[in-house]
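Trainee: This is entry-v5.cif (mmCIF, C-alpha atoms).
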```cif
data_input
loop_
_atom_site.label_atom_id
_atom_site.label_comp_id
_atom_site.auth_asym_id
_atom_site.auth_seq_id
_atom_site.Cartn_x
_atom_site.Cartn_y
_atom_site.Cartn_z
CA MET A 6 7.67 -88.42 92.72
CA ALA A 7 8.72 -88.37 96.35
CA SER A 8 11.84 -86.37 95.51
CA GLU A 9 9.62 -83.82 93.76
CA GLY A 10 7.37 -83.52 96.82
CA LEU A 11 4.31 -85.00 95.10
CA VAL A 12 4.02 -88.08 97.31
CA GLU A 13 5.09 -88.92 100.85
CA LEU A 14 6.68 -92.28 101.60
CA LEU A 15 5.33 -93.68 104.86
CA PRO A 16 7.45 -96.30 106.68
CA ASN A 17 5.80 -99.74 106.52
CA ARG A 18 2.66 -98.19 105.03
CA GLY A 19 3.41 -97.29 101.42
CA ALA A 20 2.90 -93.88 99.91
CA ARG A 21 0.25 -91.18 99.80
CA VAL A 22 -0.27 -87.99 97.87
CA THR A 23 1.37 -85.15 99.78
CA ARG A 24 -1.19 -83.19 101.75
CA LEU A 25 -1.28 -79.52 100.97
CA THR A 26 -1.36 -77.34 104.05
CA VAL A 27 -1.47 -73.57 104.21
CA LYS A 28 2.10 -73.58 105.51
CA LYS A 29 3.43 -75.83 102.71
CA VAL A 30 1.64 -73.89 100.01
CA ARG A 31 2.70 -70.54 101.48
CA ASN A 32 6.34 -71.69 101.64
CA THR A 33 6.17 -73.01 98.08
CA TYR A 34 4.53 -69.83 96.81
CA ASP A 35 7.19 -67.69 98.54
CA VAL A 36 9.92 -69.45 96.58
CA MET A 37 7.90 -69.57 93.35
CA ALA A 38 7.12 -65.85 93.65
CA ALA A 39 10.83 -65.10 93.99
CA LEU A 40 11.56 -67.27 90.94
CA GLU A 41 8.75 -65.70 88.90
CA GLY A 42 9.92 -62.22 89.89
CA LEU A 43 13.47 -63.03 88.85
CA SER A 44 12.21 -64.57 85.61
CA GLY A 45 10.35 -61.35 84.79
CA GLU A 46 13.46 -59.27 85.41
CA LEU A 47 15.63 -61.56 83.28
CA ALA A 48 12.99 -61.92 80.57
CA CYS A 49 12.89 -58.15 80.08
CA ARG A 50 16.64 -58.21 79.45
CA ASN A 51 16.59 -61.20 77.10
CA ILE A 52 13.26 -61.35 75.29
CA SER A 53 12.95 -60.71 71.57
CA ASP A 54 10.20 -58.68 69.94
CA GLU A 55 8.87 -61.89 68.40
CA LYS A 56 8.54 -63.57 71.79
CA VAL A 57 6.80 -60.51 73.23
CA ALA A 58 4.37 -60.69 70.30
CA THR A 59 3.76 -64.38 71.02
CA ILE A 60 2.97 -63.63 74.66
CA GLN A 61 0.73 -60.75 73.58
CA ARG A 62 -1.24 -63.13 71.30
CA LEU A 63 -1.56 -65.63 74.14
CA HIS A 64 -2.79 -62.81 76.37
CA GLU A 65 -5.48 -61.85 73.83
CA THR A 66 -6.58 -65.50 73.66
CA MET A 67 -6.70 -65.64 77.46
CA LEU A 68 -8.84 -62.49 77.55
CA ASP A 69 -11.24 -64.06 75.07
CA HIS A 70 -11.62 -67.08 77.39
CA TYR A 71 -12.11 -64.70 80.32
CA ARG A 72 -14.91 -62.83 78.52
CA LYS A 73 -16.60 -66.13 77.69
CA ARG A 74 -16.02 -67.44 81.24
CA ASP A 75 -14.28 -70.53 79.82
CA LEU A 76 -12.25 -71.32 82.92
CA GLN A 77 -10.23 -74.38 81.87
CA PRO A 78 -9.07 -72.91 78.53
CA TYR A 79 -8.32 -69.67 80.40
CA PHE A 80 -6.10 -71.57 82.86
CA ARG A 81 -4.32 -73.41 80.06
CA VAL A 82 -3.40 -70.18 78.24
CA ASN A 83 -2.59 -68.41 81.51
CA GLN A 84 -0.13 -71.18 82.31
CA GLN A 85 1.41 -70.87 78.84
CA ILE A 86 1.97 -67.14 79.39
CA HIS A 87 3.82 -67.80 82.65
CA GLU A 88 5.84 -70.58 81.01
CA HIS A 89 6.82 -68.30 78.13
CA ILE A 90 8.02 -65.62 80.56
CA ILE A 91 10.00 -68.24 82.52
CA ALA A 92 11.52 -69.52 79.26
CA ALA A 93 12.36 -65.97 78.13
CA ALA A 94 14.49 -65.58 81.26
CA ASP A 95 16.88 -68.02 79.56
CA ASN A 96 17.96 -69.60 82.84
CA ASP A 97 17.75 -73.40 82.88
CA VAL A 98 18.23 -73.71 86.64
CA LEU A 99 15.46 -71.22 87.36
CA GLU A 100 13.13 -72.99 84.92
CA GLU A 101 13.83 -76.43 86.40
CA MET A 102 13.27 -75.27 89.98
CA TYR A 103 10.10 -73.41 89.04
CA ASN A 104 8.62 -76.37 87.17
CA ASN A 105 9.32 -78.70 90.09
CA LEU A 106 7.63 -76.39 92.58
CA SER A 107 4.76 -75.64 90.23
CA GLN A 108 3.85 -79.33 90.08
CA ARG A 109 3.51 -79.42 93.88
CA VAL A 110 0.79 -76.74 93.95
CA LYS A 111 -0.81 -77.17 90.55
CA ARG A 112 -4.12 -78.36 92.01
CA VAL A 113 -4.36 -75.12 94.00
CA ARG A 114 -3.00 -72.70 91.44
CA TYR A 115 -5.18 -73.80 88.54
CA SER A 116 -8.33 -74.77 90.40
CA LYS A 117 -11.96 -74.34 89.51
CA LYS A 118 -12.52 -72.50 92.79
CA MET A 119 -11.92 -68.89 91.91
CA THR A 120 -14.02 -65.93 92.92
CA GLU A 121 -15.13 -63.38 90.36
CA ASP A 122 -13.15 -60.67 92.19
CA TYR A 123 -9.98 -62.76 92.11
CA TRP A 124 -10.45 -63.57 88.43
CA LYS A 125 -10.87 -59.90 87.57
CA ARG A 126 -7.78 -59.00 89.62
CA ALA A 127 -5.76 -61.75 87.93
CA VAL A 128 -6.70 -60.43 84.48
CA GLU A 129 -5.74 -56.90 85.57
CA ASP A 130 -2.39 -58.27 86.74
CA HIS A 131 -1.88 -59.86 83.33
CA GLU A 132 -2.66 -56.56 81.61
CA ALA A 133 0.04 -54.92 83.75
CA MET A 134 2.45 -57.79 83.00
CA ILE A 135 2.05 -57.31 79.27
CA GLU A 136 2.61 -53.57 79.60
CA ALA A 137 5.77 -54.05 81.67
CA LEU A 138 7.04 -56.70 79.24
CA GLN A 139 6.46 -54.45 76.24
CA LYS A 140 8.35 -51.64 78.00
CA ARG A 141 11.07 -54.12 79.04
CA ASP A 142 10.61 -52.86 82.60
CA GLY A 143 12.18 -55.74 84.51
CA PRO A 144 11.72 -54.37 88.05
CA MET A 145 8.04 -53.66 87.40
CA LEU A 146 7.38 -57.05 85.78
CA GLY A 147 9.22 -58.78 88.62
CA ARG A 148 7.10 -56.98 91.22
CA ILE A 149 3.83 -57.76 89.42
CA LEU A 150 4.72 -61.45 89.05
CA ARG A 151 5.66 -61.76 92.73
CA GLU A 152 2.38 -60.23 93.90
CA HIS A 153 0.26 -62.03 91.29
CA LEU A 154 1.17 -65.50 92.52
CA CYS A 155 0.78 -64.75 96.20
CA ASN A 156 -2.81 -63.53 95.70
CA LYS A 157 -3.82 -67.09 94.75
CA LEU A 158 -2.97 -68.45 98.21
CA GLU A 159 -5.62 -66.22 99.77
CA VAL A 160 -8.27 -67.55 97.41
CA ALA A 161 -7.24 -71.18 97.82
CA SER A 162 -7.28 -71.14 101.60
CA LEU A 163 -10.63 -69.34 101.69
CA GLU A 164 -12.17 -71.96 99.46
CA GLY A 165 -11.08 -74.85 101.72
CA MET A 166 -8.78 -76.34 99.11
CA ILE A 167 -5.87 -76.78 101.49
CA GLU A 168 -5.65 -77.78 105.12
CA GLU A 169 -5.34 -74.98 107.64
CA GLU A 170 -2.72 -76.64 109.87
CA GLU A 171 0.17 -79.06 109.53
CA ASP A 172 -0.70 -82.64 110.38
CA GLU A 173 2.30 -83.45 112.56
CA LEU A 174 1.11 -86.87 113.67
CA PRO A 175 0.84 -89.86 111.38
CA SER A 176 -2.71 -91.00 110.64
CA ARG A 177 -3.96 -93.60 113.08
CA ALA A 178 -5.93 -96.65 112.10
CA VAL A 179 -9.39 -96.84 113.61
CA SER A 180 -10.00 -100.08 115.50
CA SER A 181 -13.45 -101.55 116.03
#
```
Please rewrite the model in this file as structure tokens.

Mentor:
Amino acid sequence: MASEGLVELLPNRGARVTRLTVKKVRNTYDVMAALEGLSGELACRNISDEKVATIQRLHETMLDHYRKRDLQPYFRVNQQIHEHIIAAADNDVLEEMYNNLSQRVKRVRYSKKMTEDYWKRAVEDHEAMIEALQKRDGPMLGRILREHLCNKLEVASLEGMIEEEEDELPSRAVSS
């Protein structure tokens, strides 16, 4: 788990869950956005009509959860859509790197703290993704995917889900 960035090993102190800071999440999202963008471009070159139809069905299910305001099922299907696009890129290295990074920021990306405006914008992004995928417009899908992910950082930091600054010093024990 340490090699995946999920825990930090502290000398003579054990391990702790890695703290998410704005800088760490921003850096992770920058790389993930590049990978998602590339996956969209590659998916448009490689995807079959059947796989597009599968993603379209998932999208309709996601919209149903959105209309009902069922957040957790919405997130689950949303994640499946992104995973299907990544898989359609047919690039094992890209998929492995993306999955590793995704685990690091999962608690931010699929959180319960989401404003109504962000949720609406995310659904609009997904509508545009489906359209670009159906047209096999790789550059457009890549651009949408890059922007879509980076919007989540703004919401997460506003909601106090991640620390504003790096904690450069190790935690000190409080003595009585």

Trainee: Could you check how far CA of Ile135 (chain A) sits from CA of His64 (chain A), in Å to one decimal?

Mentor: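 CA of His64 (chain A) lies 7.9 Å from CA of Ile135 (chain A).
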
Trainee: Hey, what comes out of the PyMOL selection byres ((chain A and resi 143) around 8) on this file? Could you write it as a list in words?

Mentor: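 With the shown file as input, the PyMOL selection byres ((chain A and resi 143) around 8) matches Gly45, Glu46, Leu47, Ala48, Cys49, Arg50, Ala137, Leu138, Arg141, Asp142, Pro144, Met145, Leu146 and Gly147 of chain A.
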
Trainee: Using the selection just defined, write its residues with C-alpha atoms as a PDB file, in the frame of the given file.

Mentor:
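What landed in selection-v1.pdb:
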```pdb
ATOM      1  CA  GLY A  45      10.350 -61.350  84.790  1.00  0.00           C
ATOM      2  CA  GLU A  46      13.460 -59.270  85.410  1.00  0.00           C
ATOM      3  CA  LEU A  47      15.630 -61.560  83.280  1.00  0.00           C
ATOM      4  CA  ALA A  48      12.990 -61.920  80.570  1.00  0.00           C
ATOM      5  CA  CYS A  49      12.890 -58.150  80.080  1.00  0.00           C
ATOM      6  CA  ARG A  50      16.640 -58.210  79.450  1.00  0.00           C
ATOM      7  CA  ALA A 137       5.770 -54.050  81.670  1.00  0.00           C
ATOM      8  CA  LEU A 138       7.040 -56.700  79.240  1.00  0.00           C
ATOM      9  CA  ARG A 141      11.070 -54.120  79.040  1.00  0.00           C
ATOM     10  CA  ASP A 142      10.610 -52.860  82.600  1.00  0.00           C
ATOM     11  CA  PRO A 144      11.720 -54.370  88.050  1.00  0.00           C
ATOM     12  CA  MET A 145       8.040 -53.660  87.400  1.00  0.00           C
ATOM     13  CA  LEU A 146       7.380 -57.050  85.780  1.00  0.00           C
ATOM     14  CA  GLY A 147       9.220 -58.780  88.620  1.00  0.00           C
TER      15      GLY A 147
END
```

Trainee: If the PyMOL selection byres ((chain A and resi 86) around 12) is run on the structure shown, which residues does it catch, given as a compact mmCIF listing (two decimals) with C-alpha atoms, in the coordinates of the input?

Mentor:
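Listed below is the output, selection.txt:
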```
# COMPACT_ATOMS: atom_id res chain seq x y z
CA GLU A 41 8.75 -65.70 88.90
CA GLY A 45 10.35 -61.35 84.79
CA LYS A 56 8.54 -63.57 71.79
CA VAL A 57 6.80 -60.51 73.23
CA ALA A 58 4.37 -60.69 70.30
CA THR A 59 3.76 -64.38 71.02
CA ILE A 60 2.97 -63.63 74.66
CA GLN A 61 0.73 -60.75 73.58
CA ARG A 62 -1.24 -63.13 71.30
CA LEU A 63 -1.56 -65.63 74.14
CA HIS A 64 -2.79 -62.81 76.37
CA GLU A 65 -5.48 -61.85 73.83
CA THR A 66 -6.58 -65.50 73.66
CA MET A 67 -6.70 -65.64 77.46
CA LEU A 68 -8.84 -62.49 77.55
CA TYR A 79 -8.32 -69.67 80.40
CA PHE A 80 -6.10 -71.57 82.86
CA ARG A 81 -4.32 -73.41 80.06
CA VAL A 82 -3.40 -70.18 78.24
CA ASN A 83 -2.59 -68.41 81.51
CA GLN A 84 -0.13 -71.18 82.31
CA GLN A 85 1.41 -70.87 78.84
CA HIS A 87 3.82 -67.80 82.65
CA GLU A 88 5.84 -70.58 81.01
CA HIS A 89 6.82 -68.30 78.13
CA ILE A 90 8.02 -65.62 80.56
CA ILE A 91 10.00 -68.24 82.52
CA ALA A 92 11.52 -69.52 79.26
CA ALA A 93 12.36 -65.97 78.13
CA HIS A 131 -1.88 -59.86 83.33
CA GLU A 132 -2.66 -56.56 81.61
CA MET A 134 2.45 -57.79 83.00
CA ILE A 135 2.05 -57.31 79.27
CA LEU A 138 7.04 -56.70 79.24
CA LEU A 150 4.72 -61.45 89.05
```

Trainee: Kindly give the distance, in Å, that separates CA of Asn51 (chain A) and CA of Ala94 (chain A), rounded to a single decimal.

Mentor: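 Taking CA of Asn51 (chain A) and CA of Ala94 (chain A), their separation equals 6.4 Å.
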
Trainee: For Val30 (chain A), which residue out of A:Val128, A:Pro78, A:Ser107, A:His153 is the nearest one, using all atoms listed in the file?

Mentor: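 That would be A:Ser107, the residue with the smallest distance to Val30 (chain A).
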
Trainee: On this structure, which residues satisfy the PyMOL selection byres ((chain A and resi 102) around 12), written as a list in words?

Mentor: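 Applying the expression gives Glu9, Thr33, Val36, Met37, Ala38, Ala39, Leu40, Glu41, Ser44, Ile91, Asn96, Asp97, Val98, Leu99, Glu100, Glu101, Tyr103, Asn104, Asn105, Leu106, Ser107, Gln108 and Arg109 of chain A.
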
Trainee: Dump C-alpha atoms for the selected residues as a tab-separated table (two decimals), in the coordinates of the input?

Mentor:
```tsv
chain	number	residue	atom	x	y	z
A	9	GLU	CA	9.62	-83.82	93.76
A	33	THR	CA	6.17	-73.01	98.08
A	36	VAL	CA	9.92	-69.45	96.58
A	37	MET	CA	7.90	-69.57	93.35
A	38	ALA	CA	7.12	-65.85	93.65
A	39	ALA	CA	10.83	-65.10	93.99
A	40	LEU	CA	11.56	-67.27	90.94
A	41	GLU	CA	8.75	-65.70	88.90
A	44	SER	CA	12.21	-64.57	85.61
A	91	ILE	CA	10.00	-68.24	82.52
A	96	ASN	CA	17.96	-69.60	82.84
A	97	ASP	CA	17.75	-73.40	82.88
A	98	VAL	CA	18.23	-73.71	86.64
A	99	LEU	CA	15.46	-71.22	87.36
A	100	GLU	CA	13.13	-72.99	84.92
A	101	GLU	CA	13.83	-76.43	86.40
A	103	TYR	CA	10.10	-73.41	89.04
A	104	ASN	CA	8.62	-76.37	87.17
A	105	ASN	CA	9.32	-78.70	90.09
A	106	LEU	CA	7.63	-76.39	92.58
A	107	SER	CA	4.76	-75.64	90.23
A	108	GLN	CA	3.85	-79.33	90.08
A	109	ARG	CA	3.51	-79.42	93.88
```

Trainee: Would you compute the distance between CA of Gly42 (chain A) and CA of Arg151 (chain A)? Give it in Å to one decimal.

Mentor: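 Computing it gives 5.1 Å between the two atoms.
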
Trainee: So, counting only C-alpha atoms, which residue among A:Ala133, A:Gln139, A:Trp124, A:His70 is closest to Ser53 (chain A)?

Mentor: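 Closest candidate: A:Gln139.
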
Trainee: With the input short on atoms, add all heavy atoms back to region 95-106 of chain A and write it as a CSV table (one decimal), keeping the file's coordinate frame.

Mentor:
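To be explicit, this is the file written out as result27.csv:
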```
chain,number,residue,atom,x,y,z
A,95,ASP,N,15.7,-67.3,80.1
A,95,ASP,CA,16.9,-68.0,79.6
A,95,ASP,C,17.8,-68.5,80.7
A,95,ASP,O,19.0,-68.3,80.6
A,95,ASP,CB,17.6,-67.1,78.5
A,95,ASP,CG,18.6,-67.9,77.7
A,95,ASP,OD1,18.4,-69.1,77.5
A,95,ASP,OD2,19.6,-67.3,77.3
A,96,ASN,N,17.2,-69.1,81.7
A,96,ASN,CA,18.0,-69.6,82.8
A,96,ASN,C,17.4,-71.0,83.2
A,96,ASN,O,16.4,-71.2,83.8
A,96,ASN,CB,17.8,-68.7,84.0
A,96,ASN,CG,18.6,-69.1,85.2
A,96,ASN,OD1,18.7,-70.2,85.6
A,96,ASN,ND2,19.3,-68.1,85.8
A,97,ASP,N,18.2,-72.0,82.7
A,97,ASP,CA,17.8,-73.4,82.9
A,97,ASP,C,17.5,-73.8,84.3
A,97,ASP,O,16.6,-74.6,84.6
A,97,ASP,CB,18.8,-74.4,82.2
A,97,ASP,CG,18.8,-74.2,80.7
A,97,ASP,OD1,17.9,-73.6,80.1
A,97,ASP,OD2,19.9,-74.6,80.1
A,98,VAL,N,18.4,-73.3,85.2
A,98,VAL,CA,18.2,-73.7,86.6
A,98,VAL,C,16.9,-73.1,87.2
A,98,VAL,O,16.2,-73.8,87.9
A,98,VAL,CB,19.5,-73.3,87.5
A,98,VAL,CG1,19.3,-73.5,88.9
A,98,VAL,CG2,20.7,-73.9,87.0
A,99,LEU,N,16.7,-71.9,86.9
A,99,LEU,CA,15.5,-71.2,87.4
A,99,LEU,C,14.2,-72.0,86.8
A,99,LEU,O,13.3,-72.3,87.6
A,99,LEU,CB,15.4,-69.8,86.9
A,99,LEU,CG,14.3,-68.9,87.3
A,99,LEU,CD1,14.7,-67.4,87.3
A,99,LEU,CD2,13.1,-69.0,86.4
A,100,GLU,N,14.3,-72.3,85.6
A,100,GLU,CA,13.1,-73.0,84.9
A,100,GLU,C,12.9,-74.4,85.6
A,100,GLU,O,11.8,-74.8,85.8
A,100,GLU,CB,13.4,-73.1,83.4
A,100,GLU,CG,12.2,-73.6,82.7
A,100,GLU,CD,12.3,-73.4,81.1
A,100,GLU,OE1,13.4,-72.9,80.7
A,100,GLU,OE2,11.4,-73.9,80.4
A,101,GLU,N,14.0,-75.1,85.8
A,101,GLU,CA,13.8,-76.4,86.4
A,101,GLU,C,13.2,-76.3,87.8
A,101,GLU,O,12.3,-77.1,88.2
A,101,GLU,CB,15.2,-77.1,86.4
A,101,GLU,CG,15.2,-78.5,87.0
A,101,GLU,CD,16.6,-79.1,87.1
A,101,GLU,OE1,17.5,-78.7,86.3
A,101,GLU,OE2,16.7,-80.0,87.9
A,102,MET,N,13.8,-75.4,88.6
A,102,MET,CA,13.3,-75.3,90.0
A,102,MET,C,11.8,-74.8,90.0
A,102,MET,O,11.0,-75.4,90.7
A,102,MET,CB,14.1,-74.2,90.7
A,102,MET,CG,15.5,-74.7,91.0
A,102,MET,SD,16.5,-73.4,91.8
A,102,MET,CE,15.7,-73.4,93.4
A,103,TYR,N,11.5,-73.9,89.1
A,103,TYR,CA,10.1,-73.4,89.0
A,103,TYR,C,9.1,-74.5,88.6
A,103,TYR,O,8.1,-74.7,89.3
A,103,TYR,CB,10.0,-72.2,88.1
A,103,TYR,CG,8.6,-71.7,87.9
A,103,TYR,CD1,8.2,-70.8,88.9
A,103,TYR,CD2,7.8,-72.1,87.0
A,103,TYR,CE1,6.9,-70.3,88.8
A,103,TYR,CE2,6.5,-71.7,86.9
A,103,TYR,CZ,6.0,-70.7,87.8
A,103,TYR,OH,4.7,-70.3,87.7
A,104,ASN,N,9.5,-75.3,87.6
A,104,ASN,CA,8.6,-76.4,87.2
A,104,ASN,C,8.4,-77.4,88.3
A,104,ASN,O,7.3,-77.9,88.4
A,104,ASN,CB,9.2,-77.0,85.9
A,104,ASN,CG,9.0,-76.1,84.7
A,104,ASN,OD1,8.2,-75.2,84.7
A,104,ASN,ND2,9.9,-76.3,83.7
A,105,ASN,N,9.4,-77.7,89.0
A,105,ASN,CA,9.3,-78.7,90.1
A,105,ASN,C,8.3,-78.2,91.1
A,105,ASN,O,7.4,-78.9,91.6
A,105,ASN,CB,10.7,-79.0,90.7
A,105,ASN,CG,10.6,-79.9,91.9
A,105,ASN,OD1,10.0,-79.6,92.9
A,105,ASN,ND2,11.3,-81.1,91.7
A,106,LEU,N,8.5,-77.0,91.6
A,106,LEU,CA,7.6,-76.4,92.6
A,106,LEU,C,6.2,-76.2,92.1
A,106,LEU,O,5.2,-76.4,92.8
A,106,LEU,CB,8.2,-75.0,93.1
A,106,LEU,CG,9.5,-75.1,93.8
A,106,LEU,CD1,10.0,-73.7,94.1
A,106,LEU,CD2,9.3,-75.9,95.1
```
